[in-house]
>>> print(open('query04.txt').read())   # compact mmCIF, C-alpha atoms
# COMPACT_ATOMS: atom_id res chain seq x y z
CA ILE A 7 -3.74 13.61 3.02
CA VAL A 8 -7.44 13.98 3.88
CA SER A 9 -8.62 17.51 4.64
CA ASP A 10 -12.00 19.07 5.40
CA GLU A 11 -13.11 22.29 7.07
CA ASP A 12 -12.32 21.09 10.58
CA SER A 13 -9.45 18.62 10.30
CA GLN A 14 -6.51 17.28 8.35
CA MET A 15 -5.40 13.66 8.49
CA ILE A 16 -2.02 12.57 7.15
CA LEU A 17 -2.39 8.88 6.41
CA LEU A 18 0.77 6.79 6.19
CA ASP A 19 0.22 3.43 4.50
CA THR A 20 2.90 1.21 6.00
CA PRO A 21 4.22 -1.99 4.38
CA GLY A 22 2.40 -5.19 5.18
CA VAL A 23 3.25 -7.27 8.23
CA VAL A 24 5.46 -10.34 7.67
CA ASP A 25 6.04 -13.25 10.06
CA THR A 26 9.71 -13.79 9.27
CA GLU A 27 12.17 -11.22 7.95
CA ARG A 28 13.93 -13.15 5.16
CA ASN A 29 15.88 -10.29 3.58
CA LYS A 30 16.88 -6.65 3.97
CA MET A 31 13.69 -5.43 2.28
CA GLU A 32 11.45 -7.28 4.74
CA ASN A 33 13.61 -6.09 7.63
CA PHE A 34 13.05 -2.53 6.45
CA MET A 35 9.32 -3.18 6.04
CA MET A 36 8.90 -4.31 9.64
CA ASN A 37 11.11 -1.50 10.97
CA SER A 38 8.93 0.93 9.04
CA VAL A 39 5.77 -0.52 10.60
CA LYS A 40 7.19 -0.26 14.12
CA THR A 41 8.55 3.28 13.58
CA SER A 42 5.23 4.43 12.16
CA VAL A 43 3.39 3.03 15.18
CA LYS A 44 5.67 5.03 17.50
CA ASP A 45 5.09 8.26 15.55
CA ALA A 46 1.34 7.95 14.96
CA ASP A 47 -1.44 9.82 16.76
CA VAL A 48 -4.00 7.16 15.80
CA ILE A 49 -3.25 3.60 14.70
CA VAL A 50 -5.51 2.07 12.05
CA VAL A 51 -4.89 -1.65 11.50
CA MET A 52 -6.40 -2.73 8.17
CA ILE A 53 -7.37 -6.39 7.68
CA ASP A 54 -8.51 -8.03 4.44
CA ALA A 55 -11.54 -9.76 5.90
CA ALA A 56 -12.18 -11.63 2.64
CA GLY A 57 -8.62 -12.98 2.43
CA LYS A 58 -7.73 -16.65 2.84
CA THR A 59 -6.48 -16.31 6.43
CA PRO A 60 -7.80 -13.06 7.97
CA ARG A 61 -7.17 -14.32 11.51
CA GLU A 62 -3.45 -14.65 10.72
CA ALA A 63 -3.06 -11.19 9.21
CA LEU A 64 -1.29 -9.79 12.26
CA ASN A 65 0.85 -12.80 13.12
CA GLY A 66 4.05 -10.79 12.67
CA LEU A 67 2.79 -7.91 14.77
CA LEU A 68 2.29 -8.86 18.40
CA PRO A 69 -0.17 -6.83 20.49
CA ASP A 70 2.75 -5.38 22.49
CA ASN A 71 4.06 -3.75 19.30
CA LEU A 72 0.90 -1.66 19.13
CA LEU A 73 0.97 -0.54 22.74
CA LYS A 74 1.51 3.21 22.96
CA LYS A 75 0.27 5.17 25.92
CA GLY A 76 -2.68 7.35 24.97
CA CYS A 77 -2.71 6.31 21.29
CA PRO A 78 -6.12 5.11 20.06
CA ILE A 79 -6.11 1.87 18.05
CA VAL A 80 -8.85 0.70 15.67
CA ILE A 81 -8.83 -2.61 13.81
CA VAL A 82 -10.64 -2.25 10.48
CA LEU A 83 -12.08 -5.36 8.84
CA ASN A 84 -12.31 -4.37 5.18
CA LYS A 85 -14.27 -6.16 2.41
CA CYS A 86 -16.88 -7.41 4.90
CA ASP A 87 -19.48 -7.04 2.16
CA LEU A 88 -17.89 -10.09 0.49
CA LEU A 89 -18.60 -12.26 3.54
CA SER A 90 -21.83 -13.71 4.85
CA ARG A 91 -23.24 -11.95 7.90
CA GLN A 92 -22.31 -14.96 10.04
CA GLU A 93 -18.71 -14.97 8.77
CA ALA A 94 -18.32 -11.21 9.24
CA ASP A 95 -19.72 -11.25 12.78
CA SER A 96 -17.60 -14.26 13.72
CA LEU A 97 -14.44 -12.47 12.55
CA LEU A 98 -15.47 -9.32 14.42
CA ALA A 99 -15.99 -11.26 17.65
CA TRP A 100 -12.66 -13.07 17.23
CA TYR A 101 -10.65 -9.84 16.87
CA LYS A 102 -12.44 -8.24 19.82
CA LYS A 103 -11.47 -11.23 21.97
CA GLU A 104 -7.92 -11.79 20.70
CA TRP A 105 -6.91 -8.12 20.38
CA PRO A 106 -8.24 -6.37 23.50
CA VAL A 107 -5.51 -3.74 23.02
CA ALA A 108 -7.69 -2.21 20.28
CA ASP A 109 -10.12 0.52 21.32
CA SER A 110 -12.50 -0.50 18.55
CA VAL A 111 -12.97 -3.18 15.88
CA VAL A 112 -15.12 -2.11 12.92
CA GLN A 113 -16.41 -3.59 9.69
CA ILE A 114 -16.25 -1.60 6.43
CA SER A 115 -16.11 -1.92 2.67
CA ALA A 116 -13.82 0.72 1.18
CA LYS A 117 -14.81 -0.13 -2.40
CA ALA A 118 -18.55 -0.05 -1.69
CA ASN A 119 -18.11 2.97 0.62
CA ILE A 120 -19.83 1.20 3.51
CA LYS A 121 -19.19 2.80 6.93
CA VAL A 122 -16.09 4.62 5.62
CA GLU A 123 -17.41 8.02 6.72
CA GLN A 124 -18.11 6.68 10.22
CA LEU A 125 -14.53 5.41 10.44
CA GLN A 126 -13.17 8.80 9.34
CA LYS A 127 -15.23 10.54 12.02
CA TRP A 128 -14.00 8.06 14.65
CA ILE A 129 -10.41 8.90 13.75
CA SER A 130 -10.98 12.67 13.56
CA LYS A 131 -12.45 12.80 17.06
CA ARG A 132 -9.27 11.28 18.46
CA LEU A 133 -6.69 13.50 16.77
CA PRO A 134 -4.75 16.09 18.79
CA LEU A 135 -5.33 19.79 18.24
CA GLY A 136 -2.79 21.50 16.01
CA PRO A 137 -2.27 23.48 12.80
CA SER A 138 -2.73 21.99 9.35
CA LEU A 139 0.62 20.87 7.96
CA TYR A 140 -0.40 21.08 4.29
CA PRO A 141 -2.69 23.29 2.17
CA LYS A 142 -6.21 21.89 2.06
CA ASP A 143 -6.01 21.07 -1.67
CA VAL A 144 -2.87 18.90 -1.35
CA LEU A 145 -3.67 15.18 -1.54
CA SER A 146 -0.19 13.70 -1.12
CA GLU A 147 3.45 14.63 -0.70
CA HIS A 148 4.49 11.89 -3.15
CA PRO A 149 5.30 12.78 -6.78
CA GLU A 150 3.34 11.35 -9.71
CA ARG A 151 6.13 8.86 -10.43
CA PHE A 152 5.45 7.17 -7.08
CA PHE A 153 1.78 6.58 -7.90
CA ILE A 154 2.56 5.40 -11.44
CA ALA A 155 4.93 2.77 -10.03
CA GLU A 156 2.26 1.74 -7.50
CA ILE A 157 -0.32 1.36 -10.28
CA VAL A 158 1.99 -0.97 -12.23
CA ARG A 159 2.72 -2.94 -9.03
CA GLU A 160 -1.01 -3.28 -8.37
CA GLN A 161 -1.46 -4.84 -11.80
CA LEU A 162 1.37 -7.26 -11.05
CA PHE A 163 -0.56 -8.47 -8.01
CA LEU A 164 -3.86 -8.63 -9.87
CA GLN A 165 -2.53 -10.52 -12.89
CA TYR A 166 0.05 -12.87 -11.38
CA ARG A 167 -1.01 -13.21 -7.73
CA GLN A 168 1.50 -15.91 -6.73
CA GLU A 169 5.22 -15.62 -5.99
CA VAL A 170 6.20 -13.12 -8.69
CA PRO A 171 4.63 -9.88 -7.32
CA TYR A 172 6.32 -10.36 -3.95
CA ALA A 173 9.73 -10.73 -5.61
CA SER A 174 9.35 -7.71 -7.88
CA THR A 175 9.40 -3.94 -7.75
CA VAL A 176 8.80 -1.14 -10.24
CA ARG A 177 10.99 1.84 -11.13
CA VAL A 178 9.81 4.74 -13.25
CA ILE A 179 12.91 5.57 -15.30
CA GLU A 180 11.43 8.45 -17.27
CA TYR A 181 8.24 10.50 -17.16
CA GLU A 182 7.94 13.18 -19.80
CA GLU A 183 4.87 15.39 -20.07
CA ARG A 184 3.94 15.94 -23.70
CA GLU A 185 1.26 17.96 -25.41
CA ASN A 186 -0.90 15.08 -26.59
CA LYS A 187 0.39 11.94 -24.84
CA ASP A 188 2.72 11.75 -21.86
CA PHE A 189 5.64 9.33 -22.18
CA ILE A 190 6.40 6.90 -19.34
CA ASN A 191 9.30 4.45 -19.29
CA ALA A 192 9.25 1.95 -16.42
CA GLU A 193 11.18 -1.14 -15.38
CA ILE A 194 9.83 -4.17 -13.57
CA ILE A 195 12.68 -5.57 -11.46
CA VAL A 196 12.69 -9.28 -10.59
CA ASP A 197 15.11 -11.60 -8.82
CA ARG A 198 15.32 -14.53 -11.26
CA ASP A 199 15.17 -15.29 -14.99
CA THR A 200 12.19 -17.61 -14.44
CA GLN A 201 10.22 -14.72 -12.96
CA LYS A 202 11.06 -12.57 -15.97
CA GLY A 203 9.71 -15.28 -18.25
CA ILE A 204 6.46 -15.52 -16.30
CA ILE A 205 5.86 -11.76 -16.45
CA ILE A 206 6.62 -11.53 -20.17
CA GLY A 207 4.61 -14.62 -21.09
CA LYS A 208 4.47 -16.45 -24.40
CA GLY A 209 5.25 -14.04 -27.20
CA GLY A 210 5.10 -11.16 -24.73
CA ALA A 211 1.34 -11.58 -24.29
CA ALA A 212 1.32 -11.36 -20.49
CA LEU A 213 3.45 -8.20 -20.39
CA LYS A 214 1.27 -6.58 -23.05
CA ALA A 215 -1.86 -7.34 -21.02
CA LEU A 216 -0.21 -5.93 -17.92
CA GLY A 217 0.78 -2.79 -19.83
CA ARG A 218 -2.73 -2.24 -21.21
CA ALA A 219 -4.35 -2.54 -17.79
CA ALA A 220 -1.74 -0.33 -16.10
CA ARG A 221 -1.90 2.30 -18.84
CA LYS A 222 -5.69 2.59 -18.46
CA ASP A 223 -5.38 3.16 -14.71
CA ILE A 224 -2.51 5.61 -15.16
CA GLU A 225 -4.53 7.61 -17.69
CA ASP A 226 -7.41 7.76 -15.20
CA PHE A 227 -4.95 8.98 -12.56
CA ILE A 228 -3.22 11.69 -14.64
CA ASP A 229 -6.43 12.50 -16.55
CA LYS A 230 -4.59 12.31 -19.86
CA GLU A 231 -3.56 9.75 -22.46
CA CYS A 232 -0.07 8.28 -22.12
CA TYR A 233 2.37 5.94 -23.81
CA LEU A 234 3.61 3.36 -21.31
CA GLN A 235 6.82 1.51 -22.10
CA LEU A 236 7.50 -1.47 -19.84
CA ARG A 237 10.48 -3.78 -19.72
CA VAL A 238 11.45 -6.54 -17.31
CA LYS A 239 14.93 -6.57 -15.81
CA VAL A 240 16.60 -9.30 -13.73
CA GLN A 241 18.60 -7.95 -10.81
CA LYS A 242 19.65 -10.85 -8.62
CA ASN A 243 19.34 -10.35 -4.86
CA TRP A 244 17.86 -6.86 -5.32
CA MET A 245 15.95 -7.31 -2.05
CA GLU A 246 19.31 -7.43 -0.23
CA ASP A 247 20.79 -4.47 -2.12
CA GLU A 248 20.38 -1.20 -0.21
CA ARG A 249 21.09 0.85 -3.33
CA ALA A 250 18.45 -1.03 -5.32
CA LEU A 251 15.92 -0.57 -2.52
CA LYS A 252 16.58 3.18 -2.47
CA GLN A 253 16.25 3.42 -6.26
CA SER A 254 12.90 1.68 -6.03
CA GLY A 255 11.71 4.04 -3.30
CA LEU A 256 11.41 1.16 -0.83
CA LEU A 257 14.13 2.37 1.51
CA ARG A 258 13.58 5.83 2.92
CA ASN A 259 12.99 7.56 6.21
CA SER A 260 9.31 7.69 7.06
CA SER A 261 7.21 9.36 9.71
CA ALA A 262 3.50 9.54 10.47
CA SER A 263 1.37 12.16 12.09
CA SER A 264 -2.20 13.33 12.17
CA ASP A 265 -3.43 16.72 13.29
CA LEU A 266 -6.76 18.34 13.97
CA SER A 267 -7.01 22.05 13.22
>>> encode(input="query04.txt", output="structure tokens")
Amino acid sequence: IVSDEDSQMILLDTPGVVDTERNKMENFMMNSVKTSVKDADVIVVMIDAAGKTPREALNGLLPDNLLKKGCPIVIVLNKCDLLSRQEADSLLAWYKKEWPVADSVVQISAKANIKVEQLQKWISKRLPLGPSLYPKDVLSEHPERFFIAEIVREQLFLQYRQEVPYASTVRVIEYEERENKDFINAEIIVDRDTQKGIIIGKGGAALKALGRAARKDIEDFIDKECYLQLRVKVQKNWMEDERALKQSGLLRNSSASSDLS
């Protein structure tokens, strides 16, 4: 939730787009994307411009899926600072040609804070008038447990990168606030024993490294020291199990809206 004196934007980060829905989780992901598009006041399509195949990023989302009468659409090419000027401009021209449904295609770097403010102003100008839905000091409707799980998942992607992060999820089993150090107990759920072995690593070294990196980011987030206990659990076919998806927070009703007050 982004608020200033004149506006409030409720940003809904949808799951990523997939070409083929191979399981119930991916089916939910794509349904969530399509539902969010229908509910949104402004559609922001984020592309990793520095990724291996940035021109294929929207292969699972046809232009017709983004068509909504009167709804502004902006395609955002992020991480353009990691490309040469020629590469960045070529990608910009390609998206303008191939995705004419978009009202604008822009280049930014979120990490370097390049043109982020201009993007926010572009969005704000196109929001409908209405009351603020949240107090100005509220940053999210999600509980801390949600963000802690997301931080651990981020480290899974950063440290393993290949197949394992996409076949895993994180559940925060316990979060206890304590006077000196908060206690967090979390599970990393995987589909196969081989994936468990990869995450744990030889002598537990990989899991320890993951825990150290995640704990540092969690402490920055909660602004307090914590004890992070991680374990890896095999739950076969969890991506087809509706109960498991709900327990992981991956299956829930979602809606998106943005208002200008």
>>> residues_around(input="query04.txt", residues="A:Ile195", least_positions_apart="2", cutoff="8 Å", atoms="all atoms listed in the file", output="PyMOL selection string")
chain A and resi 174-177+193+197+238-241
>>> atom_distance(input="query04.txt", atom1="atom CA of A:Asp10", atom2="atom CA of A:Leu133")
13.7 Å
>>> residues_around(input="query04.txt", residues="A:Ala220", least_positions_apart="6", cutoff="10 Å", atoms="only C-alpha atoms", output="JSON, numbers by chain")
{"A": [154, 155, 156, 157, 158, 159, 160, 161, 162, 214, 226, 234]}
>>> atom_distance(input="query04.txt", atom1="atom CA of A:Ile49", atom2="atom CA of A:Ile129")
9.0 Å
>>> atom_distance(input="query04.txt", atom1="atom CA of A:Lys85", atom2="atom CA of A:Ile114")
6.4 Å
>>> closest_residue(input="query04.txt", among="A:Arg61, A:Val50, A:Arg198, A:Phe163", to="A:Leu17", atoms="only C-alpha atoms")
A:Val50
>>> decode(input="query04.txt", residues="stretch 197-212 of chain A", atoms="all heavy atoms", output="PDB file, in the first residue's frame")
ATOM      1  N   ASP A 197       8.865 -31.359  -3.125  1.00  0.00           N
ATOM      2  CA  ASP A 197       8.077 -32.438  -3.713  1.00  0.00           C
ATOM      3  C   ASP A 197       8.785 -33.792  -3.676  1.00  0.00           C
ATOM      4  O   ASP A 197       8.143 -34.832  -3.651  1.00  0.00           O
ATOM      5  CB  ASP A 197       7.737 -32.066  -5.164  1.00  0.00           C
ATOM      6  CG  ASP A 197       6.668 -32.953  -5.763  1.00  0.00           C
ATOM      7  OD1 ASP A 197       5.569 -33.023  -5.197  1.00  0.00           O
ATOM      8  OD2 ASP A 197       6.945 -33.582  -6.805  1.00  0.00           O
ATOM      9  N   ARG A 198      10.140 -33.765  -3.676  1.00  0.00           N
ATOM     10  CA  ARG A 198      10.883 -35.022  -3.771  1.00  0.00           C
ATOM     11  C   ARG A 198      12.058 -35.062  -2.796  1.00  0.00           C
ATOM     12  O   ARG A 198      12.591 -34.018  -2.386  1.00  0.00           O
ATOM     13  CB  ARG A 198      11.407 -35.225  -5.201  1.00  0.00           C
ATOM     14  CG  ARG A 198      10.320 -35.289  -6.251  1.00  0.00           C
ATOM     15  CD  ARG A 198      10.867 -35.836  -7.561  1.00  0.00           C
ATOM     16  NE  ARG A 198      11.919 -34.993  -8.117  1.00  0.00           N
ATOM     17  CZ  ARG A 198      11.695 -33.979  -8.943  1.00  0.00           C
ATOM     18  NH1 ARG A 198      10.459 -33.670  -9.291  1.00  0.00           N
ATOM     19  NH2 ARG A 198      12.691 -33.281  -9.412  1.00  0.00           N
ATOM     20  N   ASP A 199      12.498 -36.272  -2.464  1.00  0.00           N
ATOM     21  CA  ASP A 199      13.629 -36.457  -1.560  1.00  0.00           C
ATOM     22  C   ASP A 199      14.908 -35.856  -2.136  1.00  0.00           C
ATOM     23  O   ASP A 199      15.747 -35.332  -1.396  1.00  0.00           O
ATOM     24  CB  ASP A 199      13.845 -37.954  -1.275  1.00  0.00           C
ATOM     25  CG  ASP A 199      12.748 -38.547  -0.403  1.00  0.00           C
ATOM     26  OD1 ASP A 199      12.310 -37.865   0.546  1.00  0.00           O
ATOM     27  OD2 ASP A 199      12.320 -39.689  -0.674  1.00  0.00           O
ATOM     28  N   THR A 200      15.066 -35.933  -3.455  1.00  0.00           N
ATOM     29  CA  THR A 200      16.277 -35.378  -4.074  1.00  0.00           C
ATOM     30  C   THR A 200      16.348 -33.869  -3.877  1.00  0.00           C
ATOM     31  O   THR A 200      17.433 -33.312  -3.681  1.00  0.00           O
ATOM     32  CB  THR A 200      16.303 -35.695  -5.579  1.00  0.00           C
ATOM     33  OG1 THR A 200      15.065 -35.280  -6.184  1.00  0.00           O
ATOM     34  CG2 THR A 200      16.498 -37.189  -5.811  1.00  0.00           C
ATOM     35  N   GLN A 201      15.195 -33.212  -3.912  1.00  0.00           N
ATOM     36  CA  GLN A 201      15.167 -31.766  -3.694  1.00  0.00           C
ATOM     37  C   GLN A 201      15.524 -31.430  -2.251  1.00  0.00           C
ATOM     38  O   GLN A 201      16.210 -30.440  -1.990  1.00  0.00           O
ATOM     39  CB  GLN A 201      13.778 -31.222  -4.038  1.00  0.00           C
ATOM     40  CG  GLN A 201      13.421 -31.372  -5.507  1.00  0.00           C
ATOM     41  CD  GLN A 201      11.947 -31.217  -5.779  1.00  0.00           C
ATOM     42  OE1 GLN A 201      11.124 -31.258  -4.871  1.00  0.00           O
ATOM     43  NE2 GLN A 201      11.583 -31.053  -7.049  1.00  0.00           N
ATOM     44  N   LYS A 202      15.062 -32.247  -1.339  1.00  0.00           N
ATOM     45  CA  LYS A 202      15.418 -32.057   0.074  1.00  0.00           C
ATOM     46  C   LYS A 202      16.932 -32.133   0.258  1.00  0.00           C
ATOM     47  O   LYS A 202      17.531 -31.311   0.949  1.00  0.00           O
ATOM     48  CB  LYS A 202      14.719 -33.111   0.935  1.00  0.00           C
ATOM     49  CG  LYS A 202      15.060 -33.026   2.414  1.00  0.00           C
ATOM     50  CD  LYS A 202      14.294 -34.079   3.221  1.00  0.00           C
ATOM     51  CE  LYS A 202      14.661 -33.990   4.701  1.00  0.00           C
ATOM     52  NZ  LYS A 202      13.889 -34.972   5.507  1.00  0.00           N
ATOM     53  N   GLY A 203      17.544 -33.128  -0.400  1.00  0.00           N
ATOM     54  CA  GLY A 203      18.990 -33.278  -0.286  1.00  0.00           C
ATOM     55  C   GLY A 203      19.743 -32.090  -0.842  1.00  0.00           C
ATOM     56  O   GLY A 203      20.760 -31.661  -0.275  1.00  0.00           O
ATOM     57  N   ILE A 204      19.259 -31.535  -1.939  1.00  0.00           N
ATOM     58  CA  ILE A 204      19.920 -30.373  -2.541  1.00  0.00           C
ATOM     59  C   ILE A 204      19.854 -29.173  -1.600  1.00  0.00           C
ATOM     60  O   ILE A 204      20.842 -28.455  -1.403  1.00  0.00           O
ATOM     61  CB  ILE A 204      19.270 -30.034  -3.899  1.00  0.00           C
ATOM     62  CG1 ILE A 204      19.561 -31.137  -4.912  1.00  0.00           C
ATOM     63  CG2 ILE A 204      19.775 -28.689  -4.420  1.00  0.00           C
ATOM     64  CD1 ILE A 204      18.782 -31.002  -6.206  1.00  0.00           C
ATOM     65  N   ILE A 205      18.684 -28.944  -1.007  1.00  0.00           N
ATOM     66  CA  ILE A 205      18.524 -27.781  -0.125  1.00  0.00           C
ATOM     67  C   ILE A 205      19.370 -27.924   1.136  1.00  0.00           C
ATOM     68  O   ILE A 205      20.002 -26.967   1.591  1.00  0.00           O
ATOM     69  CB  ILE A 205      17.037 -27.588   0.231  1.00  0.00           C
ATOM     70  CG1 ILE A 205      16.264 -27.136  -1.003  1.00  0.00           C
ATOM     71  CG2 ILE A 205      16.877 -26.559   1.355  1.00  0.00           C
ATOM     72  CD1 ILE A 205      14.777 -26.956  -0.788  1.00  0.00           C
ATOM     73  N   ILE A 206      19.422 -29.130   1.688  1.00  0.00           N
ATOM     74  CA  ILE A 206      20.210 -29.330   2.916  1.00  0.00           C
ATOM     75  C   ILE A 206      21.700 -29.264   2.621  1.00  0.00           C
ATOM     76  O   ILE A 206      22.460 -28.640   3.355  1.00  0.00           O
ATOM     77  CB  ILE A 206      19.834 -30.676   3.567  1.00  0.00           C
ATOM     78  CG1 ILE A 206      18.396 -30.619   4.084  1.00  0.00           C
ATOM     79  CG2 ILE A 206      20.794 -31.005   4.710  1.00  0.00           C
ATOM     80  CD1 ILE A 206      17.884 -31.929   4.626  1.00  0.00           C
ATOM     81  N   GLY A 207      22.125 -29.891   1.534  1.00  0.00           N
ATOM     82  CA  GLY A 207      23.539 -29.868   1.177  1.00  0.00           C
ATOM     83  C   GLY A 207      24.376 -30.806   2.025  1.00  0.00           C
ATOM     84  O   GLY A 207      23.903 -31.389   3.002  1.00  0.00           O
ATOM     85  N   LYS A 208      25.644 -30.928   1.686  1.00  0.00           N
ATOM     86  CA  LYS A 208      26.555 -31.813   2.396  1.00  0.00           C
ATOM     87  C   LYS A 208      26.766 -31.334   3.821  1.00  0.00           C
ATOM     88  O   LYS A 208      27.183 -30.197   4.066  1.00  0.00           O
ATOM     89  CB  LYS A 208      27.899 -31.875   1.667  1.00  0.00           C
ATOM     90  CG  LYS A 208      28.856 -32.913   2.250  1.00  0.00           C
ATOM     91  CD  LYS A 208      30.135 -32.995   1.431  1.00  0.00           C
ATOM     92  CE  LYS A 208      31.076 -34.058   2.009  1.00  0.00           C
ATOM     93  NZ  LYS A 208      32.330 -34.153   1.222  1.00  0.00           N
ATOM     94  N   GLY A 209      26.423 -32.209   4.762  1.00  0.00           N
ATOM     95  CA  GLY A 209      26.589 -31.843   6.174  1.00  0.00           C
ATOM     96  C   GLY A 209      25.695 -30.701   6.617  1.00  0.00           C
ATOM     97  O   GLY A 209      25.955 -30.086   7.649  1.00  0.00           O
ATOM     98  N   GLY A 210      24.659 -30.405   5.830  1.00  0.00           N
ATOM     99  CA  GLY A 210      23.744 -29.321   6.193  1.00  0.00           C
ATOM    100  C   GLY A 210      24.259 -27.936   5.851  1.00  0.00           C
ATOM    101  O   GLY A 210      23.648 -26.929   6.232  1.00  0.00           O
ATOM    102  N   ALA A 211      25.366 -27.877   5.089  1.00  0.00           N
ATOM    103  CA  ALA A 211      26.013 -26.585   4.821  1.00  0.00           C
ATOM    104  C   ALA A 211      25.119 -25.640   4.024  1.00  0.00           C
ATOM    105  O   ALA A 211      25.054 -24.432   4.296  1.00  0.00           O
ATOM    106  CB  ALA A 211      27.326 -26.806   4.078  1.00  0.00           C
ATOM    107  N   ALA A 212      24.426 -26.173   3.014  1.00  0.00           N
ATOM    108  CA  ALA A 212      23.594 -25.308   2.163  1.00  0.00           C
ATOM    109  C   ALA A 212      22.418 -24.727   2.950  1.00  0.00           C
ATOM    110  O   ALA A 212      22.084 -23.547   2.813  1.00  0.00           O
ATOM    111  CB  ALA A 212      23.081 -26.093   0.959  1.00  0.00           C
TER     112      ALA A 212
END
